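One structure is given here, and the rest of the page talks about it.
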Amino acid sequence: MSCSTLYCKAGYDNSYNWRIMNKIATALRGKSRLIALIVFTLIIILATWLLKVFHNEIRAISDVTDMNPDVAVIRLKILINIIGYAMIVFGIGFGVYFLNLAFKVNSTGQFPPPNALLLRKTSTVYGSAAQFRETLLYVSAVASMLSGFLFTFILHSIINKI
């Protein structure tokens with residue numbers, strides 16, 4: 001029996017899930033730049049839409065301010081809370097991604113892990129250098145998650161003073 005993939009060499013030869021993951025990674029191998037471009041384009045479109053929505057909301061708040069300032073303050077608090085909750089979602093999203101990548105580096109002992117979608121060819125690092133990158137990924141994951149919560153907590157405490 002010949003093993004051509006790292007998953008097979010690691011003893012995951014009979015695992016159905018690992019075979020499917022290997023097939024998906026093989027199919028996407030040459031398309032990582034296209035996937036990154038599509039994701040980047042979607043993020044730009046979403047950010048542009050959100051800026052337009054926030055601009056319209058700020059304009060509505062400024063119009064309401066003249067008639068009823070209490071309603072404007074309430075709408076502003078809601079808008080700032082939405083921004084804070086979005087920061088929590090992004091922080092947790094990046095944190096989970098970094099944790100997933102760190103777990104893969106831990107289990108394989110190399111960075112980047114096998115079948116990782118890369119934008120360009122890079123050399124694989126083993127040993128203590130891979131462990132250092134794994135530690136950086138753990139620290140980045142915790143920092144990303146905490147920053148989302150901390151940012152929202154600070155915004156919420158500032159809003160409550162208004």
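Identifiers for the structure tokens are assigned positionally: chains receive A, B, ... in sequence, residues are indexed from 1 per chain, and ligands are indexed from 1 in the order shown.
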Subject >> DSSP alpha helix (DSSP H) residues within segment 57-127 of chain A, listed as a PyMOL selection string >> reply: chain A and resi 57-67+69-108
Suppose we keep C-alpha atoms; can you now write the selection as a PDB file, in the first residue's frame?
```pdb
ATOM      1  CA  GLU A  57     -28.551  56.597   9.763  1.00  0.00           C
ATOM      2  CA  ILE A  58     -26.328  59.480  10.906  1.00  0.00           C
ATOM      3  CA  ARG A  59     -28.231  61.807   8.581  1.00  0.00           C
ATOM      4  CA  ALA A  60     -31.531  60.570  10.039  1.00  0.00           C
ATOM      5  CA  ILE A  61     -30.191  61.093  13.550  1.00  0.00           C
ATOM      6  CA  SER A  62     -29.164  64.657  12.725  1.00  0.00           C
ATOM      7  CA  ASP A  63     -32.636  65.348  11.284  1.00  0.00           C
ATOM      8  CA  VAL A  64     -34.352  63.932  14.375  1.00  0.00           C
ATOM      9  CA  THR A  65     -32.063  65.886  16.712  1.00  0.00           C
ATOM     10  CA  ASP A  66     -33.841  69.159  15.959  1.00  0.00           C
ATOM     11  CA  MET A  67     -37.289  67.756  16.678  1.00  0.00           C
ATOM     12  CA  PRO A  69     -33.106  65.014  20.952  1.00  0.00           C
ATOM     13  CA  ASP A  70     -33.992  62.069  23.205  1.00  0.00           C
ATOM     14  CA  VAL A  71     -34.927  59.943  20.192  1.00  0.00           C
ATOM     15  CA  ALA A  72     -31.663  60.915  18.483  1.00  0.00           C
ATOM     16  CA  VAL A  73     -29.642  59.822  21.522  1.00  0.00           C
ATOM     17  CA  ILE A  74     -31.462  56.480  21.635  1.00  0.00           C
ATOM     18  CA  ARG A  75     -30.878  55.889  17.907  1.00  0.00           C
ATOM     19  CA  LEU A  76     -27.211  56.795  18.310  1.00  0.00           C
ATOM     20  CA  LYS A  77     -26.859  54.338  21.199  1.00  0.00           C
ATOM     21  CA  ILE A  78     -28.432  51.590  19.096  1.00  0.00           C
ATOM     22  CA  LEU A  79     -26.098  52.376  16.189  1.00  0.00           C
ATOM     23  CA  ILE A  80     -23.020  52.256  18.400  1.00  0.00           C
ATOM     24  CA  ASN A  81     -24.184  48.986  19.992  1.00  0.00           C
ATOM     25  CA  ILE A  82     -24.533  47.444  16.529  1.00  0.00           C
ATOM     26  CA  ILE A  83     -20.958  48.475  15.745  1.00  0.00           C
ATOM     27  CA  GLY A  84     -19.800  46.887  18.999  1.00  0.00           C
ATOM     28  CA  TYR A  85     -21.600  43.625  18.333  1.00  0.00           C
ATOM     29  CA  ALA A  86     -20.102  43.502  14.845  1.00  0.00           C
ATOM     30  CA  MET A  87     -16.665  43.847  16.443  1.00  0.00           C
ATOM     31  CA  ILE A  88     -17.421  40.862  18.692  1.00  0.00           C
ATOM     32  CA  VAL A  89     -18.413  38.761  15.669  1.00  0.00           C
ATOM     33  CA  PHE A  90     -15.286  39.709  13.718  1.00  0.00           C
ATOM     34  CA  GLY A  91     -13.045  39.145  16.748  1.00  0.00           C
ATOM     35  CA  ILE A  92     -14.483  35.706  17.409  1.00  0.00           C
ATOM     36  CA  GLY A  93     -14.311  34.832  13.699  1.00  0.00           C
ATOM     37  CA  PHE A  94     -10.635  35.690  13.422  1.00  0.00           C
ATOM     38  CA  GLY A  95      -9.932  34.023  16.763  1.00  0.00           C
ATOM     39  CA  VAL A  96     -11.563  30.762  15.691  1.00  0.00           C
ATOM     40  CA  TYR A  97      -9.628  30.826  12.409  1.00  0.00           C
ATOM     41  CA  PHE A  98      -6.329  31.371  14.244  1.00  0.00           C
ATOM     42  CA  LEU A  99      -7.154  28.591  16.732  1.00  0.00           C
ATOM     43  CA  ASN A 100      -8.002  26.197  13.913  1.00  0.00           C
ATOM     44  CA  LEU A 101      -4.726  26.986  12.179  1.00  0.00           C
ATOM     45  CA  ALA A 102      -2.784  26.593  15.445  1.00  0.00           C
ATOM     46  CA  PHE A 103      -4.387  23.188  16.104  1.00  0.00           C
ATOM     47  CA  LYS A 104      -3.404  22.052  12.602  1.00  0.00           C
ATOM     48  CA  VAL A 105       0.186  23.225  13.149  1.00  0.00           C
ATOM     49  CA  ASN A 106       0.232  21.433  16.511  1.00  0.00           C
ATOM     50  CA  SER A 107      -1.031  18.142  15.069  1.00  0.00           C
ATOM     51  CA  THR A 108       1.271  18.115  12.028  1.00  0.00           C
TER      52      THR A 108
END
```
**OP:** Please indicate the distance in Å from atom CA of Thr124 of chain A to atom CA of Leu37 of chain A, rounded to one decimal place.
**Re:**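 The value is 24.1 Å.
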**OP:** List every residue of segment 23-155 of chain A that DSSP, applied to the backbone of this structure, assigns to strand (DSSP E or B), and report them as a ChimeraX atom specification.
**Re:** /A:110-111,125-126
**OP:** Work out how far apart atom CA of Ala130 of chain A and atom CA of Leu117 of chain A are and give it in Å to one decimal.
**Re:**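 So the two atoms, atom CA of Ala130 of chain A and atom CA of Leu117 of chain A, lie 17.2 Å apart.
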